[in-house]
Structure formats: structure tokens, C-alpha cells
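The next block is model.cif, given as mmCIF, C-alpha atoms.
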data_protein
loop_
_atom_site.label_atom_id
_atom_site.label_comp_id
_atom_site.auth_asym_id
_atom_site.auth_seq_id
_atom_site.Cartn_x
_atom_site.Cartn_y
_atom_site.Cartn_z
CA VAL G 12 -43.36 -20.65 8.07
CA GLN G 13 -42.37 -23.53 5.78
CA ARG G 14 -45.46 -23.00 3.60
CA GLN G 15 -44.81 -19.26 3.31
CA ALA G 16 -41.14 -19.86 2.47
CA THR G 17 -42.16 -22.29 -0.29
CA GLU G 18 -44.70 -19.81 -1.69
CA MET G 19 -42.06 -17.05 -1.70
CA GLN G 20 -39.57 -19.33 -3.46
CA ASP G 21 -42.23 -20.19 -6.09
CA LEU G 22 -42.99 -16.50 -6.61
CA VAL G 23 -39.31 -15.59 -7.12
CA SER G 24 -38.86 -18.54 -9.49
CA ASP G 25 -41.93 -17.60 -11.56
CA LEU G 26 -40.95 -13.90 -11.68
CA THR G 27 -37.44 -14.82 -12.84
CA ASP G 28 -38.82 -17.21 -15.45
CA LEU G 29 -41.31 -14.65 -16.79
CA SER G 30 -38.66 -11.93 -16.89
CA GLN G 31 -36.29 -14.15 -18.91
CA ILE G 32 -39.05 -15.14 -21.32
CA GLU G 33 -40.20 -11.55 -21.87
CA SER G 34 -36.65 -10.27 -22.33
CA GLY G 35 -35.99 -12.77 -25.12
CA SER G 36 -33.18 -14.51 -23.28
CA VAL G 37 -34.88 -17.92 -23.48
CA THR G 38 -33.56 -20.23 -26.21
CA LEU G 39 -35.91 -22.91 -27.50
CA GLN G 40 -34.67 -26.30 -28.66
CA LEU G 41 -37.38 -27.02 -31.23
CA GLU G 42 -38.12 -30.57 -32.29
CA ALA G 43 -41.04 -32.77 -33.31
CA LEU G 44 -42.65 -33.79 -30.02
CA PRO G 45 -45.12 -36.68 -29.87
CA LEU G 46 -47.82 -35.21 -27.62
CA ALA G 47 -49.15 -38.48 -26.21
CA GLY G 48 -45.89 -39.13 -24.33
CA LEU G 49 -45.34 -35.52 -23.29
CA LEU G 50 -48.87 -35.14 -21.92
CA ALA G 51 -48.78 -38.56 -20.24
CA GLY G 52 -45.63 -37.47 -18.39
CA VAL G 53 -47.29 -34.26 -17.19
CA VAL G 54 -50.39 -36.15 -16.02
CA ARG G 55 -48.23 -38.74 -14.26
CA ASP G 56 -46.20 -36.03 -12.48
CA LEU G 57 -49.39 -34.38 -11.21
CA GLU G 58 -51.12 -37.63 -10.13
CA PRO G 59 -50.18 -37.28 -6.43
CA PHE G 60 -51.57 -33.73 -6.32
CA ALA G 61 -54.76 -34.76 -8.17
CA ALA G 62 -55.20 -37.76 -5.86
CA SER G 63 -54.84 -35.53 -2.78
CA ARG G 64 -57.85 -33.57 -4.08
CA SER G 65 -59.74 -36.68 -5.27
CA VAL G 66 -59.64 -35.34 -8.84
CA ARG G 67 -59.20 -37.69 -11.81
CA VAL G 68 -57.27 -36.51 -14.88
CA ALA G 69 -58.34 -38.24 -18.12
CA LEU G 70 -55.98 -38.03 -21.12
CA GLU G 71 -56.93 -38.52 -24.76
CA ALA G 72 -54.08 -38.03 -27.25
CA PRO G 73 -53.64 -39.87 -30.57
CA ALA G 74 -50.32 -41.72 -30.87
CA GLY G 75 -49.36 -40.08 -34.19
CA LEU G 76 -49.94 -36.46 -33.16
CA ALA G 77 -46.85 -34.26 -32.76
CA ALA G 78 -46.19 -30.56 -32.18
CA ARG G 79 -43.14 -28.50 -33.05
CA GLY G 80 -41.73 -27.23 -29.79
CA ASP G 81 -39.28 -27.25 -26.91
CA ARG G 82 -39.88 -30.31 -24.71
CA ARG G 83 -39.11 -28.66 -21.36
CA ARG G 84 -41.02 -25.47 -22.08
CA LEU G 85 -44.12 -27.20 -23.45
CA ALA G 86 -44.14 -29.53 -20.46
CA GLN G 87 -44.10 -26.35 -18.33
CA VAL G 88 -47.09 -24.97 -20.27
CA PHE G 89 -49.16 -28.13 -19.85
CA ARG G 90 -48.10 -28.58 -16.22
CA ASN G 91 -49.36 -25.06 -15.42
CA LEU G 92 -52.69 -25.65 -17.16
CA VAL G 93 -53.39 -29.10 -15.71
CA ASP G 94 -52.23 -27.99 -12.23
CA ASN G 95 -54.69 -25.06 -12.39
CA ALA G 96 -57.50 -27.33 -13.59
CA VAL G 97 -56.95 -29.71 -10.68
CA LYS G 98 -56.51 -26.85 -8.20
CA PHE G 99 -59.81 -25.20 -9.11
CA SER G 100 -61.85 -28.41 -9.45
CA PRO G 101 -64.20 -29.61 -6.74
CA GLU G 102 -63.42 -32.84 -4.92
CA GLY G 103 -64.33 -35.90 -6.96
CA ALA G 104 -64.36 -34.02 -10.29
CA ARG G 105 -62.70 -34.98 -13.56
CA VAL G 106 -60.25 -32.94 -15.64
CA ASP G 107 -60.02 -33.80 -19.35
CA VAL G 108 -56.85 -33.29 -21.40
CA VAL G 109 -57.63 -33.80 -25.09
CA ALA G 110 -55.19 -33.40 -28.00
CA GLU G 111 -56.38 -33.24 -31.61
CA ALA G 112 -55.21 -32.30 -35.09
CA ALA G 113 -56.59 -29.09 -36.60
CA ALA G 114 -56.22 -27.01 -39.75
CA GLY G 115 -54.74 -23.52 -39.36
CA GLU G 116 -54.30 -20.61 -41.76
CA ASP G 117 -50.52 -21.20 -41.87
CA GLY G 118 -50.66 -24.99 -42.00
CA PRO G 119 -51.48 -27.99 -39.81
CA GLN G 120 -51.88 -27.39 -36.09
CA VAL G 121 -52.43 -29.33 -32.93
CA HIS G 122 -54.90 -28.22 -30.29
CA VAL G 123 -54.71 -29.40 -26.69
CA HIS G 124 -57.77 -28.70 -24.55
CA VAL G 125 -57.65 -28.75 -20.75
CA VAL G 126 -61.20 -28.84 -19.41
CA ASP G 127 -62.24 -28.72 -15.76
CA ARG G 128 -65.54 -28.60 -13.89
CA GLY G 129 -64.45 -25.94 -11.42
CA ILE G 130 -65.45 -22.40 -10.59
CA GLY G 131 -65.44 -21.18 -14.20
CA ILE G 132 -64.53 -17.78 -15.61
CA PRO G 133 -67.23 -15.13 -16.17
CA ALA G 134 -67.30 -13.76 -19.74
CA SER G 135 -66.46 -10.28 -18.42
CA GLU G 136 -63.17 -11.58 -16.97
CA GLN G 137 -61.93 -13.76 -19.83
CA GLN G 138 -59.80 -11.06 -21.48
CA ARG G 139 -57.74 -10.64 -18.29
CA ILE G 140 -56.89 -14.20 -17.30
CA PHE G 141 -53.44 -14.20 -18.95
CA GLN G 142 -52.34 -11.04 -17.08
CA ARG G 143 -49.79 -11.19 -14.28
CA PHE G 144 -51.19 -11.80 -10.79
CA TYR G 145 -54.79 -11.84 -12.05
CA ARG G 146 -57.31 -14.04 -10.24
CA VAL G 147 -60.97 -14.39 -11.16
CA ASP G 148 -61.88 -14.57 -7.48
CA PRO G 149 -59.33 -12.65 -5.35
CA SER G 150 -60.84 -14.11 -2.17
CA GLN G 151 -59.37 -17.51 -3.16
CA SER G 152 -55.78 -16.26 -3.01
CA LYS G 153 -55.50 -17.32 0.64
CA THR G 154 -57.09 -20.75 0.20
CA THR G 155 -55.78 -21.70 -3.25
CA PRO G 156 -51.98 -21.69 -3.56
CA GLY G 157 -50.26 -20.12 -6.54
CA THR G 158 -48.26 -17.10 -7.63
CA GLY G 159 -50.76 -15.71 -10.15
CA LEU G 160 -48.08 -15.88 -12.85
CA GLY G 161 -48.74 -19.32 -14.36
CA LEU G 162 -51.05 -18.20 -17.16
CA ALA G 163 -48.82 -15.22 -18.02
CA ILE G 164 -45.90 -17.65 -18.40
CA VAL G 165 -48.09 -19.95 -20.53
CA LYS G 166 -49.07 -17.06 -22.82
CA HIS G 167 -45.50 -15.90 -23.44
CA LEU G 168 -44.10 -19.40 -23.96
CA LEU G 169 -46.80 -20.13 -26.54
CA ILE G 170 -46.02 -16.88 -28.38
CA LEU G 171 -42.35 -17.96 -28.53
CA HIS G 172 -43.50 -21.23 -30.10
CA GLY G 173 -45.56 -19.46 -32.76
CA GLY G 174 -48.68 -20.70 -31.03
CA ALA G 175 -51.44 -19.27 -28.89
CA GLY G 176 -53.52 -19.94 -25.82
CA ARG G 177 -57.22 -19.36 -25.34
CA GLY G 178 -59.23 -19.72 -22.19
CA GLY G 179 -62.72 -19.17 -21.01
CA SER G 180 -66.07 -20.48 -19.93
CA GLN G 181 -69.31 -19.50 -18.42
CA PRO G 182 -69.27 -19.52 -14.60
CA ARG G 183 -70.52 -23.12 -14.72
CA PRO G 184 -69.65 -25.91 -15.37
CA GLY G 185 -65.98 -25.02 -15.42
CA SER G 186 -63.20 -23.72 -17.63
CA ARG G 187 -61.67 -24.74 -20.94
CA PHE G 188 -58.16 -23.74 -22.00
CA THR G 189 -56.91 -24.48 -25.51
CA VAL G 190 -53.26 -24.52 -26.56
CA VAL G 191 -52.65 -24.03 -30.30
CA LEU G 192 -49.28 -25.14 -31.69
CA PRO G 193 -47.75 -25.80 -35.13
CA ALA G 194 -47.97 -29.49 -35.99
CA ALA G 195 -44.91 -31.56 -36.86
CA PRO G 196 -44.46 -35.00 -38.44
CA VAL G 197 -43.57 -37.53 -35.74
CA ALA G 198 -40.57 -38.83 -37.70
CA ALA G 199 -39.08 -35.37 -38.31
CA GLU G 200 -35.48 -34.67 -37.37
CA PRO G 201 -35.06 -32.30 -34.41
CA LEU G 202 -35.06 -28.65 -35.42
CA ARG G 203 -32.49 -26.45 -33.70
CA GLU G 204 -33.50 -22.81 -33.53
CA ALA G 205 -33.03 -19.95 -31.16
CA SER G 206 -35.72 -17.36 -30.42
#

As C-alpha cells:
Amino acid sequence: VQRQATEMQDLVSDLTDLSQIESGSVTLQLEALPLAGLLAGVVRDLEPFAASRSVRVALEAPAGLAARGDRRRLAQVFRNLVDNAVKFSPEGARVDVVAEAAAGEDGPQVHVHVVDRGIGIPASEQQRIFQRFYRVDPSQSKTTPGTGLGLAIVKHLLILHGGAGRGGSQPRPGSRFTVVLPAAPVAAEPLREAS
């Protein structure tokens, strides 16, 4: 009963969050965010969950790399992605979180890759993974906890940030999700904007 109550509470919370994001009622507090610290915090928060599954999360993020974004909302994006990577990884596997600078059509970008060695995503399913309630393998819904809304929330939060998310793989050896965000100088003053 406790587990089902928790799952229902998570579902209501995620539905409320997604509804607010889609309706445009979410206000972003944009600033220059050093990614090394933000990602380290996400990895640290998920360490107990990863340890319970004997999964190791390895982080590689240059100290001078920063994205323009809302701290709380980007932490939510990365928490969803790393949580999924751990959740769908086999026992004893490694999840890699790698941040790097990249050149975009509209200026400098940062890319953050979350790579697991889990069940993978068939090419025929990759266009649907950011849809609400979608699961690559519906039979896992009883054994793998989750609301099925995490990637939909990720997609909409990244759109609000002027970024994008990509995901995919072959069925083996796992999945790779990439977050694309506008870069920001580390020393920049916080930017205050509403979306």
C-alpha cells in the first residue's frame, strides 16, 4: 500500500509539473550555471539509489563549462536522465555523464551526454521516447518504477531553455541521451528572464 501511495503521489506531482510547463506558467530564473557543480550535485543525490542497484555513475565535466539556465529546472532534467540510466542498467554496470563544449548554429553550446549500458532503444521506437507515458518495453512497467512522464518533462523544460534533447541507441549496448543548451561564460552576471 505504501509503495502504491508513493507511486500515485509521484504521478500526480509529475502530471502537475508537466501541465504547468506546457501551459507556460513556469518562470525560469536564467543564470550562468557551472555544469561541473550542478552535475556533481545530481550524481551525489542519486548515489544511494545507484548503490542499491550496484551501478556506478562516472562524471566528466570541465571546470570552466557553463550553461545558461534555471538551476532548479536543469537539475530536474539531469536528475530524470541519470535516474533513468541507473534504473535501466544491469547490476554492476556503469553510467557515464559527460559534459562538453560544442559549436551551434546560433552560438556556443554545451552538450551533456548520459550513457548507460541497459536495455537500449530500438531505432523504430526512438521517435516516441519523449511522449507521455511511453515505455520501450511495456512489460517493465510493473518491475521498473516510474510515471512514464520524466522524458516528456525533460523535453519541455529543454524547449523552455532554448535547448533540445536527443535520445537513442541500438538495442545493445544501451542508450545515449544528449542535452543541448546555450553556453554561458562562467563569470557572467545572473540573467533574469521569464518564459

Exercise. What lies within 8 Å of Ala175 of chain G using all atoms listed in the file, ignoring chain neighbours under 6 positions off, as number ranges by chain?
Worked result: G: 166, 169, 190-192

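Between Val126 of chain G and the candidates G:Ala112, G:Leu50, G:Leu41, G:Leu92, the tightest atom-to-atom separation, counting only C-alpha atoms, involves G:Leu92.
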
For this session: Tell me, as a PyMOL selection string, which residues lie within 12 Å of Val88 of chain G, counting all atoms listed in the file; anything in the same chain fewer than 4 positions away does not count.
Result: chain G and resi 49-50+53+80-84+92-95+123+125+160-172+174-176+188-192

The selected residues should be written to file as a tab-separated table (two decimals), in the coordinates of the input (atoms: C-alpha atoms).
chain	number	residue	atom	x	y	z
G	49	LEU	CA	-45.34	-35.52	-23.29
G	50	LEU	CA	-48.87	-35.14	-21.92
G	53	VAL	CA	-47.29	-34.26	-17.19
G	80	GLY	CA	-41.73	-27.23	-29.79
G	81	ASP	CA	-39.28	-27.25	-26.91
G	82	ARG	CA	-39.88	-30.31	-24.71
G	83	ARG	CA	-39.11	-28.66	-21.36
G	84	ARG	CA	-41.02	-25.47	-22.08
G	92	LEU	CA	-52.69	-25.65	-17.16
G	93	VAL	CA	-53.39	-29.10	-15.71
G	94	ASP	CA	-52.23	-27.99	-12.23
G	95	ASN	CA	-54.69	-25.06	-12.39
G	123	VAL	CA	-54.71	-29.40	-26.69
G	125	VAL	CA	-57.65	-28.75	-20.75
G	160	LEU	CA	-48.08	-15.88	-12.85
G	161	GLY	CA	-48.74	-19.32	-14.36
G	162	LEU	CA	-51.05	-18.20	-17.16
G	163	ALA	CA	-48.82	-15.22	-18.02
G	164	ILE	CA	-45.90	-17.65	-18.40
G	165	VAL	CA	-48.09	-19.95	-20.53
G	166	LYS	CA	-49.07	-17.06	-22.82
G	167	HIS	CA	-45.50	-15.90	-23.44
G	168	LEU	CA	-44.10	-19.40	-23.96
G	169	LEU	CA	-46.80	-20.13	-26.54
G	170	ILE	CA	-46.02	-16.88	-28.38
G	171	LEU	CA	-42.35	-17.96	-28.53
G	172	HIS	CA	-43.50	-21.23	-30.10
G	174	GLY	CA	-48.68	-20.70	-31.03
G	175	ALA	CA	-51.44	-19.27	-28.89
G	176	GLY	CA	-53.52	-19.94	-25.82
G	188	PHE	CA	-58.16	-23.74	-22.00
G	189	THR	CA	-56.91	-24.48	-25.51
G	190	VAL	CA	-53.26	-24.52	-26.56
G	191	VAL	CA	-52.65	-24.03	-30.30
G	192	LEU	CA	-49.28	-25.14	-31.69

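Distances here use all atoms listed in the file; by that measure, the residue among G:Ala77, G:Ala61, G:Ala96, G:Leu39 closest to Val108 of chain G is G:Ala96.
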
Exercise. In Å, with one decimal, what is the gap from atom CA of Leu70 of chain G to atom CA of Pro184 of chain G?
Worked result: 19.2 Å

Seminar exercise, completed: Computed gap from atom CA of Arg187 of chain G to atom CA of Leu85 of chain G is 17.9 Å

Exercise. For Pro193 of chain G, which of G:Arg90, G:His122, G:Lys98, G:Arg55 is the closest residue, counting all atoms listed in the file?
Worked result: G:His122

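Applied to this file, the PyMOL selection byres ((chain G and resi 79) around 6) selects the residues Glu42, Ala43, Ala78, Gly80, Pro193, Ala194 and Ala195 of chain G.
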
For this session: Figure out the distance between atom CA of Leu76 of chain G and atom CA of Leu46 of chain G, please, to one decimal in Å.
Result: 6.1 Å

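When the PyMOL selection byres ((chain G and resi 105) around 10) is evaluated on the file shown here, the picked residues come out as Ala61, Ser65, Val66, Arg67, Val68, Ala69, Ala96, Val97, Ser100, Pro101, Glu102, Gly103, Ala104, Val106, Asp107, Val108, Val126, Asp127, Arg128 and Gly129 of chain G.
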